[in-house]
file coords.cif (mmCIF, C-alpha atoms)
data_target
#
loop_
_atom_site.group_PDB
_atom_site.id
_atom_site.type_symbol
_atom_site.label_atom_id
_atom_site.label_comp_id
_atom_site.auth_asym_id
_atom_site.auth_seq_id
_atom_site.Cartn_x
_atom_site.Cartn_y
_atom_site.Cartn_z
ATOM 1 C CA MET T 1 58.394 -20.723 -76.812
ATOM 2 C CA LYS T 2 58.251 -17.053 -77.750
ATOM 3 C CA TYR T 3 60.616 -15.669 -75.131
ATOM 4 C CA ILE T 4 63.682 -17.281 -73.588
ATOM 5 C CA ARG T 5 62.563 -15.982 -70.167
ATOM 6 C CA HIS T 6 59.645 -18.410 -70.231
ATOM 7 C CA ALA T 7 62.015 -21.344 -70.669
ATOM 8 C CA SER T 8 64.270 -20.026 -67.879
ATOM 9 C CA ALA T 9 61.274 -19.568 -65.581
ATOM 10 C CA ALA T 10 60.131 -23.115 -66.404
ATOM 11 C CA PHE T 11 63.531 -24.593 -65.535
ATOM 12 C CA ILE T 12 63.720 -22.625 -62.282
ATOM 13 C CA LEU T 13 60.178 -23.770 -61.443
ATOM 14 C CA PHE T 14 61.182 -27.361 -62.227
ATOM 15 C CA ALA T 15 64.232 -27.123 -59.943
ATOM 16 C CA ILE T 16 62.188 -25.620 -57.098
ATOM 17 C CA MET T 17 59.425 -28.236 -57.361
ATOM 18 C CA VAL T 18 61.886 -31.132 -57.460
ATOM 19 C CA SER T 19 63.736 -29.766 -54.408
ATOM 20 C CA LEU T 20 60.454 -29.290 -52.542
ATOM 21 C CA TRP T 21 59.381 -32.875 -53.259
ATOM 22 C CA VAL T 22 62.765 -34.211 -52.139
ATOM 23 C CA GLN T 23 62.522 -32.193 -48.904
ATOM 24 C CA SER T 24 58.924 -33.276 -48.239
ATOM 25 C CA TYR T 25 59.761 -36.920 -48.843
ATOM 26 C CA HIS T 26 62.829 -36.808 -46.576
ATOM 27 C CA SER T 27 61.042 -35.084 -43.709
ATOM 28 C CA LEU T 28 58.031 -37.393 -43.864
ATOM 29 C CA GLU T 29 60.383 -40.379 -44.167
ATOM 30 C CA THR T 30 62.165 -39.304 -40.978
ATOM 31 C CA ASN T 31 59.029 -38.455 -39.029
ATOM 32 C CA TYR T 32 56.945 -41.469 -40.091
ATOM 33 C CA ASN T 33 59.824 -43.958 -40.091
ATOM 34 C CA VAL T 34 58.837 -45.333 -43.477
ATOM 35 C CA THR T 35 61.176 -47.753 -45.201
ATOM 36 C CA ARG T 36 61.654 -46.548 -48.729
ATOM 37 C CA THR T 37 61.149 -48.970 -51.599
ATOM 38 C CA GLY T 38 62.051 -48.881 -55.247
ATOM 39 C CA ASP T 39 65.312 -46.963 -55.301
ATOM 40 C CA HIS T 40 67.496 -46.939 -58.374
ATOM 41 C CA ASP T 41 71.244 -46.750 -57.573
ATOM 42 C CA GLY T 42 70.347 -45.637 -54.048
ATOM 43 C CA TYR T 43 68.155 -42.729 -55.133
ATOM 44 C CA ASN T 44 64.442 -42.372 -55.585
ATOM 45 C CA VAL T 45 63.269 -40.697 -58.769
ATOM 46 C CA MET T 46 63.096 -37.140 -57.342
ATOM 47 C CA GLU T 47 66.605 -37.420 -55.873
ATOM 48 C CA SER T 48 67.814 -38.567 -59.301
ATOM 49 C CA LEU T 49 66.132 -35.524 -60.848
ATOM 50 C CA ASP T 50 67.772 -33.347 -58.171
ATOM 51 C CA ASN T 51 71.140 -34.656 -59.417
ATOM 52 C CA LEU T 52 70.488 -33.524 -62.998
ATOM 53 C CA ASN T 53 73.132 -31.258 -64.520
ATOM 54 C CA LEU T 54 70.508 -28.525 -64.801
ATOM 55 C CA ILE T 55 69.888 -28.290 -61.054
ATOM 56 C CA GLN T 56 73.473 -29.030 -59.986
ATOM 57 C CA GLY T 57 74.751 -26.378 -62.415
ATOM 58 C CA MET T 58 72.301 -23.852 -60.958
ATOM 59 C CA ASN T 59 73.447 -24.667 -57.408
ATOM 60 C CA GLN T 60 77.116 -24.485 -58.401
ATOM 61 C CA THR T 61 76.640 -21.077 -60.064
ATOM 62 C CA LEU T 62 74.736 -19.687 -57.089
ATOM 63 C CA SER T 63 77.334 -20.876 -54.568
ATOM 64 C CA GLY T 64 80.079 -19.380 -56.768
ATOM 65 C CA VAL T 65 78.272 -16.041 -56.933
ATOM 66 C CA TYR T 66 77.861 -16.081 -53.162
ATOM 67 C CA SER T 67 81.623 -16.686 -52.733
ATOM 68 C CA ILE T 68 82.408 -13.795 -55.094
ATOM 69 C CA GLN T 69 80.283 -11.507 -52.946
ATOM 70 C CA ASN T 70 82.087 -12.571 -49.766
ATOM 71 C CA PRO T 71 85.723 -13.327 -50.726
ATOM 72 C CA SER T 72 88.384 -13.736 -48.020
ATOM 73 C CA ASN T 73 91.443 -13.529 -50.315
ATOM 74 C CA VAL T 74 92.439 -13.387 -54.002
ATOM 75 C CA ALA T 75 92.643 -17.178 -54.388
ATOM 76 C CA ASP T 76 89.132 -17.447 -52.991
ATOM 77 C CA LEU T 77 87.928 -14.915 -55.544
ATOM 78 C CA LEU T 78 89.594 -16.803 -58.427
ATOM 79 C CA GLY T 79 88.150 -20.081 -57.182
ATOM 80 C CA ALA T 80 84.705 -18.543 -57.006
ATOM 81 C CA LEU T 81 85.001 -17.205 -60.565
ATOM 82 C CA ALA T 82 86.062 -20.653 -61.752
ATOM 83 C CA ALA T 83 83.124 -22.180 -59.869
ATOM 84 C CA VAL T 84 80.715 -19.774 -61.588
ATOM 85 C CA GLY T 85 82.224 -20.637 -64.976
ATOM 86 C CA ILE T 86 81.975 -24.367 -64.379
ATOM 87 C CA GLY T 87 78.449 -23.922 -63.014
ATOM 88 C CA ILE T 88 77.337 -22.050 -66.136
ATOM 89 C CA LEU T 89 78.895 -24.713 -68.365
ATOM 90 C CA GLN T 90 77.116 -27.420 -66.384
ATOM 91 C CA LEU T 91 73.860 -25.460 -66.542
ATOM 92 C CA THR T 92 74.153 -25.082 -70.330
ATOM 93 C CA ALA T 93 74.920 -28.785 -70.724
ATOM 94 C CA GLY T 94 71.979 -29.528 -68.409
ATOM 95 C CA ILE T 95 69.586 -27.481 -70.567
ATOM 96 C CA LEU T 96 70.802 -29.108 -73.789
ATOM 97 C CA LEU T 97 70.719 -32.637 -72.356
ATOM 98 C CA PHE T 98 67.520 -32.126 -70.322
ATOM 99 C CA PRO T 99 65.212 -34.459 -72.353
ATOM 100 C CA ILE T 100 67.844 -37.209 -72.579
ATOM 101 C CA GLU T 101 68.613 -37.020 -68.858
ATOM 102 C CA ILE T 102 64.894 -37.096 -67.951
ATOM 103 C CA ILE T 103 64.324 -40.174 -70.142
ATOM 104 C CA GLY T 104 67.396 -41.804 -68.550
ATOM 105 C CA VAL T 105 66.093 -41.191 -65.023
ATOM 106 C CA LEU T 106 62.557 -42.391 -65.769
ATOM 107 C CA THR T 107 63.588 -45.517 -67.663
ATOM 108 C CA GLY T 108 66.121 -46.350 -64.942
ATOM 109 C CA PHE T 109 63.627 -45.912 -62.113
ATOM 110 C CA TYR T 110 60.804 -47.866 -63.756
ATOM 111 C CA TYR T 111 63.121 -50.504 -65.260
ATOM 112 C CA ILE T 112 62.006 -49.760 -68.823
ATOM 113 C CA PRO T 113 64.608 -50.939 -71.345
ATOM 114 C CA PRO T 114 65.866 -47.932 -73.406
ATOM 115 C CA ILE T 115 64.853 -49.622 -76.667
ATOM 116 C CA VAL T 116 61.233 -49.820 -75.446
ATOM 117 C CA ALA T 117 61.300 -46.128 -74.430
ATOM 118 C CA ILE T 118 62.660 -45.143 -77.845
ATOM 119 C CA GLY T 119 60.001 -47.299 -79.510
ATOM 120 C CA ILE T 120 57.203 -45.635 -77.521
ATOM 121 C CA VAL T 121 58.522 -42.144 -78.362
ATOM 122 C CA LEU T 122 58.758 -43.047 -82.076
ATOM 123 C CA LEU T 123 55.224 -44.457 -82.034
ATOM 124 C CA PHE T 124 53.926 -41.227 -80.494
ATOM 125 C CA ILE T 125 55.787 -39.109 -83.067
ATOM 126 C CA ASN T 126 54.348 -41.272 -85.819
ATOM 127 C CA TYR T 127 50.848 -41.016 -84.363
ATOM 128 C CA ILE T 128 50.960 -37.236 -83.987
ATOM 129 C CA ALA T 129 52.554 -36.844 -87.428
ATOM 130 C CA TYR T 130 49.709 -38.771 -89.049
ATOM 131 C CA ILE T 131 47.126 -36.573 -87.324
ATOM 132 C CA LEU T 132 48.962 -33.392 -88.356
ATOM 133 C CA ILE T 133 49.465 -34.540 -91.969
ATOM 134 C CA SER T 134 45.817 -35.553 -92.120
ATOM 135 C CA ALA T 135 44.749 -32.132 -90.834
ATOM 136 C CA TYR T 136 47.127 -30.379 -93.263
ATOM 137 C CA THR T 137 45.893 -32.252 -96.308
ATOM 138 C CA ARG T 138 42.277 -32.079 -95.092
ATOM 139 C CA GLY T 139 41.659 -35.726 -95.896
ATOM 140 C CA ASP T 140 42.201 -39.275 -94.715
ATOM 141 C CA LEU T 141 45.585 -40.838 -95.278
ATOM 142 C CA MET C 1 21.447 -74.884 -47.331
ATOM 143 C CA PRO C 2 24.714 -73.080 -46.464
ATOM 144 C CA ILE C 3 24.567 -69.315 -46.268
ATOM 145 C CA GLY C 4 27.547 -66.920 -46.665
ATOM 146 C CA ILE C 5 31.042 -67.589 -47.972
ATOM 147 C CA ASN C 6 31.373 -71.180 -49.242
ATOM 148 C CA ASN C 7 34.064 -73.293 -50.869
ATOM 149 C CA VAL C 8 36.887 -71.139 -49.516
ATOM 150 C CA THR C 9 40.342 -72.742 -49.346
ATOM 151 C CA THR C 10 42.118 -72.834 -45.999
ATOM 152 C CA VAL C 11 44.793 -70.395 -47.219
ATOM 153 C CA ALA C 12 42.218 -67.857 -48.409
ATOM 154 C CA MET C 13 40.256 -68.200 -45.170
ATOM 155 C CA ASP C 14 43.434 -67.677 -43.137
ATOM 156 C CA ASN C 15 44.196 -64.543 -45.149
ATOM 157 C CA LEU C 16 40.695 -63.174 -44.644
ATOM 158 C CA THR C 17 40.821 -63.907 -40.908
ATOM 159 C CA TYR C 18 44.227 -62.223 -40.633
ATOM 160 C CA MET C 19 42.883 -59.208 -42.526
ATOM 161 C CA ALA C 20 39.789 -58.928 -40.353
ATOM 162 C CA ASN C 21 41.834 -59.120 -37.140
ATOM 163 C CA SER C 22 43.477 -55.739 -37.731
ATOM 164 C CA THR C 23 43.951 -53.460 -34.746
ATOM 165 C CA THR C 24 43.681 -50.089 -36.497
ATOM 166 C CA VAL C 25 41.800 -48.716 -39.507
ATOM 167 C CA PRO C 26 44.951 -47.803 -41.533
ATOM 168 C CA GLU C 27 46.282 -51.312 -40.931
ATOM 169 C CA PHE C 28 43.006 -52.783 -42.179
ATOM 170 C CA MET C 29 43.133 -50.554 -45.290
ATOM 171 C CA VAL C 30 46.706 -51.623 -46.032
ATOM 172 C CA ARG C 31 45.857 -55.297 -45.499
ATOM 173 C CA VAL C 32 42.828 -55.096 -47.825
ATOM 174 C CA ASN C 33 45.055 -53.428 -50.409
ATOM 175 C CA MET C 34 47.867 -55.965 -50.123
ATOM 176 C CA ILE C 35 45.947 -59.208 -49.547
ATOM 177 C CA ILE C 36 42.916 -58.777 -51.804
ATOM 178 C CA PHE C 37 44.087 -56.300 -54.452
ATOM 179 C CA GLU C 38 47.833 -57.135 -54.480
ATOM 180 C CA GLY C 39 48.785 -53.497 -53.816
ATOM 181 C CA VAL C 40 47.098 -51.719 -56.725
ATOM 182 C CA LEU C 41 43.733 -50.643 -55.240
ATOM 183 C CA TYR C 42 44.678 -47.119 -54.114
ATOM 184 C CA PHE C 43 46.773 -46.465 -57.227
ATOM 185 C CA ILE C 44 43.762 -47.244 -59.413
ATOM 186 C CA LEU C 45 41.473 -45.211 -57.139
ATOM 187 C CA LEU C 46 43.796 -42.193 -57.428
ATOM 188 C CA LEU C 47 43.945 -42.545 -61.207
ATOM 189 C CA VAL C 48 40.130 -42.660 -61.314
ATOM 190 C CA LEU C 49 39.995 -39.596 -59.036
ATOM 191 C CA TRP C 50 42.366 -37.803 -61.396
ATOM 192 C CA VAL C 51 40.126 -38.618 -64.385
ATOM 193 C CA ILE C 52 37.025 -37.394 -62.512
ATOM 194 C CA LEU C 53 38.767 -34.142 -61.518
ATOM 195 C CA MET C 54 39.972 -33.687 -65.095
ATOM 196 C CA VAL C 55 36.425 -34.131 -66.456
ATOM 197 C CA ILE C 56 35.087 -31.559 -63.976
ATOM 198 C CA ALA C 57 37.917 -29.126 -64.778
ATOM 199 C CA GLN C 58 37.355 -29.574 -68.524
ATOM 200 C CA MET C 59 33.681 -28.712 -68.012
ATOM 201 C CA ILE C 60 34.710 -25.435 -66.367
ATOM 202 C CA SER C 61 37.455 -24.419 -68.815
ATOM 203 C CA LYS C 62 38.739 -26.301 -71.846
ATOM 204 C CA ASN C 63 42.484 -26.104 -71.349
ATOM 205 C CA PHE C 64 43.795 -29.662 -71.212
ATOM 206 C CA ALA C 65 47.418 -29.081 -70.165
ATOM 207 C CA VAL C 66 46.649 -26.526 -67.440
ATOM 208 C CA ASN C 67 43.840 -28.704 -66.084
ATOM 209 C CA LEU C 68 46.180 -31.711 -66.079
ATOM 210 C CA MET C 69 48.726 -29.713 -64.064
ATOM 211 C CA ARG C 70 46.241 -28.361 -61.502
ATOM 212 C CA THR C 71 44.348 -31.595 -60.930
ATOM 213 C CA GLY C 72 47.700 -33.411 -60.868
ATOM 214 C CA ALA C 73 48.802 -31.152 -58.028
ATOM 215 C CA VAL C 74 45.698 -32.070 -56.006
ATOM 216 C CA VAL C 75 46.130 -35.796 -56.687
ATOM 217 C CA SER C 76 49.863 -35.603 -55.835
ATOM 218 C CA ILE C 77 49.079 -34.169 -52.412
ATOM 219 C CA ILE C 78 46.569 -36.954 -51.744
ATOM 220 C CA ALA C 79 49.165 -39.471 -53.038
ATOM 221 C CA ILE C 80 51.878 -38.332 -50.614
ATOM 222 C CA LEU C 81 49.397 -38.590 -47.738
ATOM 223 C CA ALA C 82 48.458 -42.093 -48.912
ATOM 224 C CA ARG C 83 52.132 -43.043 -49.170
ATOM 225 C CA PHE C 84 52.643 -42.393 -45.479
ATOM 226 C CA VAL C 85 49.605 -44.273 -44.210
ATOM 227 C CA THR C 86 51.314 -47.507 -43.268
ATOM 228 C CA GLY C 87 50.366 -50.840 -41.759
ATOM 229 C CA ASP C 88 51.835 -54.210 -40.939
ATOM 230 C CA VAL C 89 51.164 -57.159 -43.279
ATOM 231 C CA TYR C 90 52.731 -60.460 -42.195
ATOM 232 C CA GLY C 91 55.517 -58.690 -40.335
ATOM 233 C CA GLN C 92 56.417 -56.211 -43.063
ATOM 234 C CA THR C 93 55.409 -52.539 -43.204
ATOM 235 C CA TYR C 94 53.601 -51.355 -46.326
ATOM 236 C CA GLY C 95 52.006 -48.056 -47.345
ATOM 237 C CA LEU C 96 48.766 -47.568 -49.224
ATOM 238 C CA LEU C 97 50.950 -46.823 -52.253
ATOM 239 C CA THR C 98 54.406 -48.089 -53.115
ATOM 240 C CA ASP C 99 57.127 -45.617 -54.101
ATOM 241 C CA TYR C 100 56.825 -46.624 -57.747
ATOM 242 C CA GLN C 101 53.107 -45.862 -57.727
ATOM 243 C CA PHE C 102 53.424 -42.688 -55.662
ATOM 244 C CA TRP C 103 56.047 -40.925 -57.827
ATOM 245 C CA VAL C 104 53.903 -41.241 -60.978
ATOM 246 C CA PHE C 105 51.639 -38.372 -59.877
ATOM 247 C CA PRO C 106 54.241 -35.680 -58.951
ATOM 248 C CA LEU C 107 56.367 -36.628 -61.970
ATOM 249 C CA ILE C 108 53.573 -36.074 -64.484
ATOM 250 C CA THR C 109 52.544 -32.846 -62.704
ATOM 251 C CA ILE C 110 56.067 -31.391 -62.603
ATOM 252 C CA LEU C 111 56.839 -32.276 -66.212
ATOM 253 C CA THR C 112 53.493 -30.841 -67.368
ATOM 254 C CA ALA C 113 54.155 -27.628 -65.432
ATOM 255 C CA THR C 114 57.623 -27.336 -67.000
ATOM 256 C CA VAL C 115 56.229 -27.773 -70.513
ATOM 257 C CA ILE C 116 53.369 -25.313 -69.878
ATOM 258 C CA TYR C 117 55.635 -22.546 -68.559
ATOM 259 C CA ALA C 118 58.343 -23.166 -71.173
ATOM 260 C CA THR C 119 55.876 -22.866 -74.054
ATOM 261 C CA LYS C 120 53.856 -19.875 -72.828
ATOM 262 C CA ARG C 121 52.889 -17.599 -75.690
ATOM 263 C CA ASP C 122 52.726 -14.141 -74.078
#
call {"tool": "encode", "arguments": {"input": "coords.cif", "output": "structure tokens"}}
result
Amino acid sequence: MKYIRHASAAFILFAIMVSLWVQSYHSLETNYNVTRTGDHDGYNVMESLDNLNLIQGMNQTLSGVYSIQNPSNVADLLGALAAVGIGILQLTAGILLFPIEIIGVLTGFYYIPPIVAIGIVLLFINYIAYILISAYTRGDL
Amino acid sequence: MPIGINNVTTVAMDNLTYMANSTTVPEFMVRVNMIIFEGVLYFILLLVLWVILMVIAQMISKNFAVNLMRTGAVVSIIAILARFVTGDVYGQTYGLLTDYQFWVFPLITILTATVIYATKRD
């Protein structure tokens, strides 16, 4: 990650793709009358991703900015500024907690116990570390 | 000497007869998937398609992550179409893929795209 703009673009891209999938699924669900299966807490996996702090923070900030541009009175303006502030806080928290939230959504949706998910991640880190150490020392371990 | 399907239990024969008496092609496809393959046929077929597309893409340009993202996009589109091909099996409506199977493809594609764009070098 050389520039922060790449990370920002990636997160915006992520938010757009998740929203598009949610929209596509909802419209096809309505038009084809398909009964959904496999929800977790009433949401499918894309709806859960749509509820991440990252995307909600982005939406909150944007709606706040829109209210600042079109205020009706002073209280409205103050409320909008507060909304932008809260949105940015939520967005920052969303970026910091992004990997943890993603793992939470995926393990919840596919009913993987967290301990198994942590074990798999540790195994992968171990596996990649051995390859990298082997390459660095130019020999078998 | 008997010719054809032998030694079939009554339950299996009933299932096969029910499957063969489908009224539409999508219904027949769903019944084959649910009765014979217990709902995993099209998921495995899509995974195999993904591997084939990946091999072809790797032959054209050797960039694993980008190829995974692009071929994943193609497979995801086919997966959502397969999700909404539905049929009736013993009074219940099923798709060619279940939701659990369907979301695997867009999830991997979206997460790969996020990683690729977040770690761009130039």
call {"tool": "resolve_selection", "arguments": {"input": "coords.cif", "expression": "the PyMOL selection byres ((chain C) within 9 of (chain T))", "output": "VMD selection string"}}
result
chain C and resid 80 84 to 86 93 to 95 98 to 100 103 106 to 107 110 to 111 113 to 122
call {"tool": "resolve_selection", "arguments": {"input": "coords.cif", "expression": "the PyMOL selection byres ((chain T and resi 74-86) around 8)", "output": "short mmCIF file (atom, residue, chain, number, x, y, z; two decimals) with C-alpha atoms, in the frame of the given file"}}
result
data_model
loop_
_atom_site.label_atom_id
_atom_site.label_comp_id
_atom_site.auth_asym_id
_atom_site.auth_seq_id
_atom_site.Cartn_x
_atom_site.Cartn_y
_atom_site.Cartn_z
CA GLY T 57 74.75 -26.38 -62.42
CA GLN T 60 77.12 -24.48 -58.40
CA THR T 61 76.64 -21.08 -60.06
CA LEU T 62 74.74 -19.69 -57.09
CA SER T 63 77.33 -20.88 -54.57
CA GLY T 64 80.08 -19.38 -56.77
CA VAL T 65 78.27 -16.04 -56.93
CA SER T 67 81.62 -16.69 -52.73
CA ILE T 68 82.41 -13.80 -55.09
CA PRO T 71 85.72 -13.33 -50.73
CA SER T 72 88.38 -13.74 -48.02
CA ASN T 73 91.44 -13.53 -50.32
CA GLY T 87 78.45 -23.92 -63.01
CA ILE T 88 77.34 -22.05 -66.14
CA LEU T 89 78.90 -24.71 -68.36
CA GLN T 90 77.12 -27.42 -66.38
#
call {"tool": "axis_aligned_box", "arguments": {"input": "coords.cif", "around": "range 39-57 of chain T", "padding_each_side": "4 Å", "output": "AutoDock Vina command-line options"}}
result
--center_x 68.9 --center_y -36.7 --center_z -59.4 --size_x 19.7 --size_y 28.6 --size_z 18.8
call {"tool": "atom_distance", "arguments": {"input": "coords.cif", "atom1": "CA of Arg83 in chain C", "atom2": "CA of Phe102 in chain C"}}
result
6.6 Å
call {"tool": "atom_distance", "arguments": {"input": "coords.cif", "atom1": "CA of Pro114 in chain T", "atom2": "CA of Ile100 in chain T"}}
result
10.9 Å
call {"tool": "atom_distance", "arguments": {"input": "coords.cif", "atom1": "CA of Val32 in chain C", "atom2": "CA of Val75 in chain C"}}
result
21.5 Å
call {"tool": "closest_residue", "arguments": {"input": "coords.cif", "among": "C:Ile35, C:Ile60, C:Leu16, C:Leu68", "to": "Val89 in chain C", "atoms": "all atoms listed in the file"}}
result
C:Ile35
call {"tool": "resolve_selection", "arguments": {"input": "coords.cif", "expression": "the PyMOL selection byres ((chain T and resi 53) around 10)", "output": "VMD selection string"}}
result
chain T and resid 49 to 52 54 to 60 87 89 to 98 101
call {"tool": "residues_around", "arguments": {"input": "coords.cif", "residues": "Glu27 in chain C", "least_positions_apart": "2", "cutoff": "9 Å", "atoms": "only C-alpha atoms", "output": "list in words"}}
result
Met19, Ser22, Thr23, Thr24, Val25, Met29, Val30, Arg31, Val32, Val85, Thr86, Gly87, Asp88 and Val89 of chain C
call {"tool": "write_last_selection", "arguments": {"input": "coords.cif", "atoms": "C-alpha atoms", "output": "PDB file, in the frame of the given file"}}
result
ATOM      1  CA  MET C  19      42.883 -59.208 -42.526  1.00  0.00           C
ATOM      2  CA  SER C  22      43.477 -55.739 -37.731  1.00  0.00           C
ATOM      3  CA  THR C  23      43.951 -53.460 -34.746  1.00  0.00           C
ATOM      4  CA  THR C  24      43.681 -50.089 -36.497  1.00  0.00           C
ATOM      5  CA  VAL C  25      41.800 -48.716 -39.507  1.00  0.00           C
ATOM      6  CA  MET C  29      43.133 -50.554 -45.290  1.00  0.00           C
ATOM      7  CA  VAL C  30      46.706 -51.623 -46.032  1.00  0.00           C
ATOM      8  CA  ARG C  31      45.857 -55.297 -45.499  1.00  0.00           C
ATOM      9  CA  VAL C  32      42.828 -55.096 -47.825  1.00  0.00           C
ATOM     10  CA  VAL C  85      49.605 -44.273 -44.210  1.00  0.00           C
ATOM     11  CA  THR C  86      51.314 -47.507 -43.268  1.00  0.00           C
ATOM     12  CA  GLY C  87      50.366 -50.840 -41.759  1.00  0.00           C
ATOM     13  CA  ASP C  88      51.835 -54.210 -40.939  1.00  0.00           C
ATOM     14  CA  VAL C  89      51.164 -57.159 -43.279  1.00  0.00           C
TER      15      VAL C  89
END
